[in-house]
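One structure is given below, encoded as structure tokens.
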2 protein chains.
Amino acid sequence: MKTDASRTRPVPTLEMVAALAGVSRSTVSRVVNDAPNVDPDIVKSVQNAISTLNYIPNRAARSLASRRTNSVAVVVPESTSKVFADPFFATIVEGIAQTLVETKYTLTMIVSSEARPEKTRSYLLGGNVDGALVVSHHSGDHSWTRISESLPVVFAGRPFKAERESYFVEVDNFAAASRATQHLIDAGRTSIATITGPQDMYAGIDRLRGWEAALRSARLDTSLVEVGDFTEASGQEAMRRLLDRGQKIDGLFAANDQMAAGAYAVLAERNISIPADIAVVGFDDDSFATSLTPALTTIHHPIVEMGHRMAENLLSLIEGGPAERATLLPTSLVVRGSA
Amino acid sequence: MKTDASRTRPVPTLEMVAALAGVSRSTVSRVVNDAPNVDPDIVKSVQNAISTLNYIPNRAARSLASRRTNSVAVVVPESTSKVFADPFFATIVEGIAQTLVETKYTLTMIVSSEARPEKTRSYLLGGNVDGALVVSHHSGDHSWTRISESLPVVFAGRPFKAERESYFVEVDNFAAASRATQHLIDAGRTSIATITGPQDMYAGIDRLRGWEAALRSARLDTSLVEVGDFTEASGQEAMRRLLDRGQKIDGLFAANDQMAAGAYAVLAERNISIPADIAVVGFDDDSFATSLTPALTTIHHPIVEMGHRMAENLLSLIEGGPAERATLLPTSLVVRGSA
DNA sequence: TTGTACGCGTTATCAT
DNA sequence: ATGATAACGCGTACAA
């Protein structure tokens with residue numbers, strides 16, 4: 001049975017509240033925004049009118065007049081499936097949400113299909129939000145340089161262009177990757193491969209460089225590189241390619257835990273034991289790390305904290321306050337059973 | 001080094017475009033909304049002005065004037081961590097996004113921390129969106145009855161109150177659960193337990209009823225019930241409680257695949273083999289089903305399709321068209337190795 | 001085909 | 001302490 005669209009009842013306006021309470025719109029506005037200097041009795045009667053009418057301020061009108069929207073966007077320039085599969089996004093959004101829930105700001109998340117970047121741009125610049133948090137950034141995506149000229153933006157990870165003019169929160173990926181690799185070297189491993197991340201993101205680039213640097217200073221081979229895209233599936237494929245080279249491999253640094261999990265699966269298939277035959281170190285310390293067997297030795301990435309700091313910095317920018325351009329968070333090596 | 005907030009450059013207005021192009025604002029507005037009957041030459045010069053100024057329409061103003069926002073919200077009344085851990089949400093959002101990306105509508109996702117439902121309510125009713133898609137609904141949450149009076153809303157799964165006045169897309173959970181259980185019965189299993197879902201959601205309630213009905217008509221015991229919350233962890237706990245009862249169990253129906261995965265882990269711990277000792281059937285047919293060993297026999301839940309239909313129905317409602325109140329999608333049993 | 005003028009619901013400024 | 005009144009940026013009858 002088809003029915004017509006429900007005739008939605010109109011949302012009451014401030015004007016209607018004013019009429020019911022017998023005061024002017026200005027006074028209602030003051031009550032709504034708890035301005036000082038309003039007669040307590042009037043406050044009460046206005047509040048009554050508000051609740052009997054179920055009044056809700058129209059945000060469009062509000063933001064038009066006040067030039068603020070009280071909402072911020074988390075933008076994820078990745079495909080939906082990737083966003084949900086990767087605990088990194090879940091965790092950082094959780095961190096962001098945690099600090100935002102205490103404030104008057106509403107968090108909206110927009111999964112920016114790369115198909116239509118201009119949709120995202122017009123949403124962000126169209127006065128829908130007071131600021132944006134970008135949690136993944138690829139080198140090819142230049143739209144941000146223009147967006148951040150007109151809107152406060154905080155990145156997770158150092159962005160490409162205009163690094164000096166951008167705000168971002170990150171960890172020292174180079175140092176951390178180097179530390180992870182050094183752990184393998186210290187364990188006596190000599191043929192150390194890496195499954196690295198996308199080379200159009202600093203998270204990928206810097207982790208590769210860190211691995212390389214550690215091997216260089218130990219005068220070890222740096223040719224065992226395969227690139228993944230941070231997904232578990234890509235980790236599997238990379239591990240296969242690595243093994244199919246036929247060279248000896250006794251150590252592996254995966255640029256994130258998901259890819260390490262992919263590698264685990266392939267190693268199991270081929271009866272290569274961890275850590276006896278190959279010692280493995282990951283990156284992120286997410287839910288994958290502890291659920292693997294043996295538990296994954298990995299770099300602890302303070303992702304929730306990143307979310308906190310991003311949100312704090314953004315709010316500070318929005319309210320016109322000062323903020324650090326670069327916020328660097330510490331990492332640590334978590335030694336478990338895999339290396 | 002702290003810096004002052006970047007003085008964000010103001011976004012140009014329609015008025016500025018008009019001035020630059022030497023026409024009136026109305027004309028610019030017409031060009032922006034590709035109205036018919038505009039002189040091609042003027043269109044060109046206006047478009048030039050638009051791109052040199054990088055003009056972007058202000059959505060707040062636009063929606064105030066036109067009473068439409070061109071954006072819809074997906075609302076997930078669950079904790080952030082749950083949202084990301086459960087492939088159901090990922091998949092349904094993907095389906096929604098797929099059909100929405102073809103349209104002029106922007107999708108915003110709002111993870112409604114149950115802590116502050118009024119924040120969500122004022123966002124939705126505050127004129128930020130033209131409609132909402134609700135992908136999880138608990139019986140305790142009454143805020144929706146009022147919201148859907150003023151805003152087109154489509155639910156995933158039959159909502160509680162005002163069922164007759166609501167729009168929703170769902171599968172026949174009762175029949176599907178019954179079908180799954182019957183499969184176990186047909187395989188000769190006689191002590192069939194269930195790990196069921198939250199009893200404040202129809203997805204949980206109806207799957208339990210379906211299991212029960214199938215057992216009843218086969219005159220089998222219906223006491224082996226434990227309740228989970230659709231998470232893997234809860235599946236583990238439920239399986240433990242089930243086994244600790246000390247009764248014989250040779251079949252299990254889990255109300256979703258994640259909980260089945262949890263059960264798998266516990267069964268492995270206790271060296272109970274699947275399907276030899278216990279045959280297992282799940283529900284959803286998500287990524288968990290195929291990654292388990294043995295692969296999980298389960299009910300295929302057309303989640304992407306649900307997303308499509310939800311989005312289509314919502315758009316139809318928004319544009320004032322007709323729409324089915326109840327859209328029922330078919331399920332099927334996918335037989336794999338576990339039963 | 002183009003421009004004028006008014007209204008959308010709210011905040012902000014200025015009197016009172 | 002309260003109330004007019006003018007923006008805010010845009011869409012849209014209506015007039016030209």
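Identifiers for the structure tokens are assigned positionally: chains receive A, B, ... in sequence, residues are indexed from 1 per chain, and ligands are indexed from 1 in the order shown.
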
Mind checking DSSP for segment 210-297 of chain B and telling me the strand (DSSP E or B) residues as a list of chain:residue names? B:Val225, B:Glu226, B:Val227, B:Gly251, B:Leu252, B:Phe253, B:Ala254, B:Ala279, B:Val280, B:Val281, B:Gly282, B:Phe283, B:Asp284, B:Thr297

Print the selection's residues with N, CA and C atoms to a file, as a PDB file, in the first residue's frame.
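Once written, part32.pdb looks like this:
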ATOM      1  N   VAL B 225      18.475 -20.492  25.842  1.00  0.00           N
ATOM      2  CA  VAL B 225      18.560 -19.125  25.322  1.00  0.00           C
ATOM      3  C   VAL B 225      19.539 -18.287  26.125  1.00  0.00           C
ATOM      4  N   GLU B 226      20.412 -17.597  25.445  1.00  0.00           N
ATOM      5  CA  GLU B 226      21.224 -16.577  26.115  1.00  0.00           C
ATOM      6  C   GLU B 226      21.189 -15.319  25.252  1.00  0.00           C
ATOM      7  N   VAL B 227      21.177 -14.187  25.907  1.00  0.00           N
ATOM      8  CA  VAL B 227      21.037 -12.929  25.186  1.00  0.00           C
ATOM      9  C   VAL B 227      22.376 -12.215  25.036  1.00  0.00           C
ATOM     10  N   GLY B 251      23.335 -27.979  18.517  1.00  0.00           N
ATOM     11  CA  GLY B 251      23.030 -27.015  17.464  1.00  0.00           C
ATOM     12  C   GLY B 251      22.972 -25.622  18.052  1.00  0.00           C
ATOM     13  N   LEU B 252      23.340 -24.623  17.250  1.00  0.00           N
ATOM     14  CA  LEU B 252      23.313 -23.239  17.749  1.00  0.00           C
ATOM     15  C   LEU B 252      22.869 -22.294  16.650  1.00  0.00           C
ATOM     16  N   PHE B 253      21.905 -21.463  16.994  1.00  0.00           N
ATOM     17  CA  PHE B 253      21.520 -20.383  16.093  1.00  0.00           C
ATOM     18  C   PHE B 253      21.937 -19.069  16.737  1.00  0.00           C
ATOM     19  N   ALA B 254      22.848 -18.357  16.090  1.00  0.00           N
ATOM     20  CA  ALA B 254      23.292 -17.056  16.602  1.00  0.00           C
ATOM     21  C   ALA B 254      22.579 -15.967  15.811  1.00  0.00           C
ATOM     22  N   ALA B 279      26.478 -27.902  15.430  1.00  0.00           N
ATOM     23  CA  ALA B 279      26.262 -27.236  14.145  1.00  0.00           C
ATOM     24  C   ALA B 279      25.852 -25.795  14.427  1.00  0.00           C
ATOM     25  N   VAL B 280      26.398 -24.861  13.666  1.00  0.00           N
ATOM     26  CA  VAL B 280      26.136 -23.445  13.939  1.00  0.00           C
ATOM     27  C   VAL B 280      25.560 -22.748  12.713  1.00  0.00           C
ATOM     28  N   VAL B 281      24.512 -21.961  12.944  1.00  0.00           N
ATOM     29  CA  VAL B 281      23.966 -21.105  11.890  1.00  0.00           C
ATOM     30  C   VAL B 281      23.954 -19.670  12.398  1.00  0.00           C
ATOM     31  N   GLY B 282      24.358 -18.745  11.541  1.00  0.00           N
ATOM     32  CA  GLY B 282      24.405 -17.333  11.924  1.00  0.00           C
ATOM     33  C   GLY B 282      23.320 -16.520  11.241  1.00  0.00           C
ATOM     34  N   PHE B 283      23.530 -15.224  11.225  1.00  0.00           N
ATOM     35  CA  PHE B 283      22.561 -14.323  10.613  1.00  0.00           C
ATOM     36  C   PHE B 283      23.289 -13.061  10.168  1.00  0.00           C
ATOM     37  N   ASP B 284      23.152 -12.714   8.924  1.00  0.00           N
ATOM     38  CA  ASP B 284      23.663 -11.486   8.293  1.00  0.00           C
ATOM     39  C   ASP B 284      24.459 -11.791   7.022  1.00  0.00           C
ATOM     40  N   THR B 297      27.537 -21.183   8.004  1.00  0.00           N
ATOM     41  CA  THR B 297      26.214 -21.256   7.378  1.00  0.00           C
ATOM     42  C   THR B 297      25.373 -20.158   8.012  1.00  0.00           C
TER      43      THR B 297
END

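Selected on chain A by distance to chain C: Thr13, Leu14, Ser29, Asn58, Ala60, Ala61, Arg62, Ser63, Leu64, Ala65 and Ser66 of chain A (within 8 Å, counting only C-alpha atoms (C1' of nucleotides)).
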
So that I have them on file, write out the residues from the current selection with C-alpha atoms, as a PDB file, in the first residue's frame.
ATOM      1  CA  THR A  13       9.271  29.475  15.238  1.00  0.00           C
ATOM      2  CA  LEU A  14      10.662  31.889  17.716  1.00  0.00           C
ATOM      3  CA  SER A  29      16.073  34.948  21.794  1.00  0.00           C
ATOM      4  CA  ASN A  58      16.234  26.915  13.340  1.00  0.00           C
ATOM      5  CA  ALA A  60      19.985  27.880   9.361  1.00  0.00           C
ATOM      6  CA  ALA A  61      18.500  31.145  10.470  1.00  0.00           C
ATOM      7  CA  ARG A  62      20.663  31.141  13.515  1.00  0.00           C
ATOM      8  CA  SER A  63      23.859  30.595  11.660  1.00  0.00           C
ATOM      9  CA  LEU A  64      22.899  33.105   9.045  1.00  0.00           C
ATOM     10  CA  ALA A  65      22.455  35.752  11.671  1.00  0.00           C
ATOM     11  CA  SER A  66      25.246  34.785  14.012  1.00  0.00           C
TER      12      SER A  66
END

Using only C-alpha atoms (C1' of nucleotides), find each residue of chain A with at least one atom at most 12 Å away from an atom of chain D; report its shortest atom-to-atom pair and that distance in Å (one decimal), sort the rows by chain and rising residue number, and return the result as a Markdown table.
| residue | atom | partner | partner_atom | distance |
| --- | --- | --- | --- | --- |
| A:Ala18 | CA | D:DG3 | C1' | 11.7 |
| A:Gly22 | CA | D:DG3 | C1' | 11.9 |
| A:Val23 | CA | D:DT2 | C1' | 8.6 |
| A:Ser24 | CA | D:DG3 | C1' | 6.3 |
| A:Arg25 | CA | D:DG3 | C1' | 8.5 |
| A:Ser26 | CA | D:DG3 | C1' | 7.3 |
| A:Thr27 | CA | D:DT2 | C1' | 7.0 |
| A:Val28 | CA | D:DT2 | C1' | 10.7 |
| A:Ser29 | CA | D:DT2 | C1' | 11.9 |
| A:Arg30 | CA | D:DT2 | C1' | 10.5 |
| A:Ala35 | CA | D:DA1 | C1' | 11.5 |
| A:Pro36 | CA | D:DA1 | C1' | 9.9 |
| A:Asn37 | CA | D:DA1 | C1' | 6.4 |
| A:Val38 | CA | D:DA1 | C1' | 6.2 |
| A:Asp39 | CA | D:DA1 | C1' | 6.9 |
| A:Pro40 | CA | D:DA1 | C1' | 10.7 |
| A:Asp41 | CA | D:DA1 | C1' | 11.8 |
| A:Ile42 | CA | D:DA1 | C1' | 10.3 |
| A:Val43 | CA | D:DA1 | C1' | 11.8 |
| A:Ala60 | CA | D:DC8 | C1' | 10.3 |
| A:Ala61 | CA | D:DC8 | C1' | 8.2 |
| A:Arg62 | CA | D:DC8 | C1' | 9.1 |
| A:Ser63 | CA | D:DC8 | C1' | 8.3 |
| A:Leu64 | CA | D:DC8 | C1' | 4.8 |
| A:Ala65 | CA | D:DC8 | C1' | 4.6 |
| A:Ser66 | CA | D:DC8 | C1' | 7.6 |
| A:Arg67 | CA | D:DC8 | C1' | 7.8 |
| A:Arg68 | CA | D:DC8 | C1' | 11.1 |
| A:Gly126 | CA | D:DG9 | C1' | 10.8 |
| A:Gly127 | CA | D:DG9 | C1' | 10.5 |

Prev. selection, C-alpha atoms, output as a PDB file, in the first residue's frame:
ATOM      1  CA  ALA A  18       7.027  35.168  21.565  1.00  0.00           C
ATOM      2  CA  GLY A  22       3.425  37.703  25.271  1.00  0.00           C
ATOM      3  CA  VAL A  23       6.885  39.132  24.794  1.00  0.00           C
ATOM      4  CA  SER A  24       9.028  40.228  21.887  1.00  0.00           C
ATOM      5  CA  ARG A  25      11.176  37.980  19.762  1.00  0.00           C
ATOM      6  CA  SER A  26      14.285  39.589  21.171  1.00  0.00           C
ATOM      7  CA  THR A  27      13.357  38.479  24.640  1.00  0.00           C
ATOM      8  CA  VAL A  28      12.746  34.933  23.553  1.00  0.00           C
ATOM      9  CA  SER A  29      16.073  34.948  21.794  1.00  0.00           C
ATOM     10  CA  ARG A  30      17.726  36.105  24.981  1.00  0.00           C
ATOM     11  CA  ALA A  35      21.641  36.019  28.098  1.00  0.00           C
ATOM     12  CA  PRO A  36      22.032  37.827  31.401  1.00  0.00           C
ATOM     13  CA  ASN A  37      19.618  40.529  32.516  1.00  0.00           C
ATOM     14  CA  VAL A  38      16.311  38.876  31.881  1.00  0.00           C
ATOM     15  CA  ASP A  39      13.543  38.965  34.408  1.00  0.00           C
ATOM     16  CA  PRO A  40      13.311  35.563  36.096  1.00  0.00           C
ATOM     17  CA  ASP A  41       9.535  35.536  35.774  1.00  0.00           C
ATOM     18  CA  ILE A  42       9.734  36.247  32.089  1.00  0.00           C
ATOM     19  CA  VAL A  43      12.318  33.548  31.697  1.00  0.00           C
ATOM     20  CA  ALA A  60      19.985  27.880   9.361  1.00  0.00           C
ATOM     21  CA  ALA A  61      18.500  31.145  10.470  1.00  0.00           C
ATOM     22  CA  ARG A  62      20.663  31.141  13.515  1.00  0.00           C
ATOM     23  CA  SER A  63      23.859  30.595  11.660  1.00  0.00           C
ATOM     24  CA  LEU A  64      22.899  33.105   9.045  1.00  0.00           C
ATOM     25  CA  ALA A  65      22.455  35.752  11.671  1.00  0.00           C
ATOM     26  CA  SER A  66      25.246  34.785  14.012  1.00  0.00           C
ATOM     27  CA  ARG A  67      27.706  33.473  11.457  1.00  0.00           C
ATOM     28  CA  ARG A  68      28.308  30.375  13.533  1.00  0.00           C
ATOM     29  CA  GLY A 126      28.676  26.534   2.402  1.00  0.00           C
ATOM     30  CA  GLY A 127      28.372  27.578   5.993  1.00  0.00           C
TER      31      GLY A 127
END

Chain A contacts on chain B, only C-alpha atoms, 8 Å, as a PyMOL selection string: chain B and resi 1-6+8-11+56-61+63-64+80-81+84-85+87+90-91+93-94+106-111+119+122-123+125-128+148-152+317-318+320-325

Could you tell me, as a compact mmCIF listing (two decimals) with C-alpha atoms, in the first residue's frame, which residues of segment 61-307 of chain B DSSP assigns to helix (DSSP H, G or I) when given the backbone?
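Output file part_33.txt is given in full below:
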# COMPACT_ATOMS: atom_id res chain seq x y z
CA ALA B 61 20.77 31.24 3.54
CA ARG B 62 19.69 28.96 0.82
CA SER B 63 17.81 26.64 3.06
CA LEU B 64 16.23 29.52 4.89
CA ALA B 65 14.90 30.88 1.66
CA SER B 66 14.04 27.65 -0.06
CA THR B 80 31.01 4.92 18.34
CA SER B 81 32.92 1.78 19.03
CA LYS B 82 29.91 -0.41 18.32
CA VAL B 83 29.18 1.42 15.11
CA PHE B 84 32.59 0.79 13.74
CA ALA B 85 32.98 -2.74 14.95
CA PRO B 87 29.93 -4.63 9.64
CA PHE B 88 26.16 -4.19 9.53
CA PHE B 89 26.50 -0.45 9.91
CA ALA B 90 29.34 -0.18 7.47
CA THR B 91 27.37 -2.05 4.89
CA ILE B 92 24.11 -0.26 5.27
CA VAL B 93 25.80 3.12 5.19
CA GLU B 94 27.59 2.03 2.07
CA GLY B 95 24.28 1.15 0.44
CA ILE B 96 22.81 4.47 1.44
CA ALA B 97 25.84 6.36 0.21
CA GLN B 98 25.75 4.55 -3.11
CA THR B 99 22.33 5.76 -4.03
CA LEU B 100 22.78 9.18 -2.52
CA PRO B 117 19.51 12.70 22.58
CA GLU B 118 18.30 16.28 22.58
CA LYS B 119 21.39 17.35 20.73
CA THR B 120 20.47 14.98 17.93
CA ARG B 121 16.89 16.07 18.04
CA SER B 122 17.68 19.74 17.74
CA TYR B 123 20.09 19.02 14.95
CA LEU B 124 17.51 17.12 12.96
CA LEU B 125 14.62 19.42 13.68
CA GLY B 126 16.73 22.54 13.48
CA GLY B 127 16.53 22.62 9.74
CA ASN B 128 19.87 21.04 9.02
CA SER B 143 12.30 10.68 20.69
CA TRP B 144 11.65 9.42 17.18
CA THR B 145 7.92 9.52 17.35
CA ARG B 146 8.05 13.25 17.75
CA ILE B 147 10.86 13.76 15.27
CA SER B 148 9.10 11.87 12.53
CA GLU B 149 6.11 14.12 12.91
CA SER B 150 8.12 17.00 11.56
CA GLU B 163 4.47 1.37 13.59
CA ARG B 164 1.57 2.13 11.32
CA GLU B 165 2.69 5.68 10.73
CA ASN B 173 13.40 -11.74 10.84
CA PHE B 174 10.93 -14.20 12.24
CA ALA B 175 10.73 -16.31 9.10
CA ALA B 176 14.46 -16.15 8.50
CA ALA B 177 15.31 -17.24 12.03
CA SER B 178 12.78 -19.98 11.76
CA ARG B 179 14.31 -21.09 8.50
CA ALA B 180 17.78 -21.14 10.02
CA THR B 181 16.61 -23.19 12.95
CA GLN B 182 14.73 -25.58 10.72
CA HIS B 183 17.98 -26.21 8.89
CA LEU B 184 19.48 -27.40 12.15
CA ILE B 185 16.47 -29.55 12.89
CA ASP B 186 16.60 -31.08 9.43
CA TYR B 202 12.73 -6.14 16.88
CA ALA B 203 15.77 -7.63 15.17
CA GLY B 204 16.49 -9.32 18.48
CA ILE B 205 12.94 -10.12 19.45
CA ASP B 206 11.79 -11.56 16.14
CA ARG B 207 14.85 -13.74 15.66
CA LEU B 208 14.29 -15.23 19.07
CA ARG B 209 10.64 -15.86 18.28
CA GLY B 210 11.50 -17.48 14.99
CA TRP B 211 13.93 -19.86 16.65
CA GLU B 212 11.35 -20.67 19.27
CA ALA B 213 8.59 -21.29 16.76
CA ALA B 214 10.68 -23.70 14.74
CA LEU B 215 11.61 -25.66 17.84
CA ARG B 216 8.05 -25.68 19.10
CA SER B 217 6.62 -27.21 15.98
CA GLU B 232 31.52 -10.55 19.27
CA ALA B 233 32.42 -10.27 22.94
CA SER B 234 28.84 -10.79 23.98
CA GLY B 235 28.72 -13.86 21.77
CA GLN B 236 31.65 -15.31 23.65
CA GLU B 237 30.08 -14.68 27.01
CA ALA B 238 26.76 -16.10 25.93
CA MET B 239 28.40 -19.25 24.59
CA ARG B 240 30.20 -19.69 27.87
CA ARG B 241 27.00 -19.38 29.84
CA LEU B 242 25.34 -21.83 27.51
CA LEU B 243 28.06 -24.46 27.92
CA ASP B 244 28.30 -23.92 31.62
CA ASP B 257 27.48 -13.48 12.56
CA GLN B 258 29.56 -11.49 14.97
CA MET B 259 28.12 -13.33 17.93
CA ALA B 260 28.61 -16.58 16.04
CA ALA B 261 32.26 -15.64 15.73
CA GLY B 262 32.39 -15.15 19.48
CA ALA B 263 30.84 -18.58 19.95
CA TYR B 264 33.43 -20.10 17.61
CA ALA B 265 36.23 -18.81 19.79
CA VAL B 266 34.77 -20.34 22.93
CA LEU B 267 34.03 -23.65 21.22
CA ALA B 268 37.61 -23.79 19.99
CA GLU B 269 38.86 -23.13 23.50
CA SER B 287 32.52 -10.56 6.40
CA PHE B 288 32.72 -12.60 9.58
CA ALA B 289 30.81 -15.48 8.01
CA THR B 290 33.37 -16.25 5.35
CA SER B 291 36.46 -15.57 7.40
CA ILE B 303 22.00 -5.05 3.81
CA VAL B 304 23.32 -3.02 0.90
CA GLU B 305 19.95 -3.34 -0.75
CA MET B 306 18.32 -2.17 2.45
CA GLY B 307 20.44 0.94 2.29

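For the pair atom CA of Ala255 of chain A and atom CA of Thr293 of chain B, the interatomic distance is 27.1 Å.
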
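Note that the spacing between atom CA of Thr190 of chain B and atom CA of His301 of chain B amounts to 25.9 Å.
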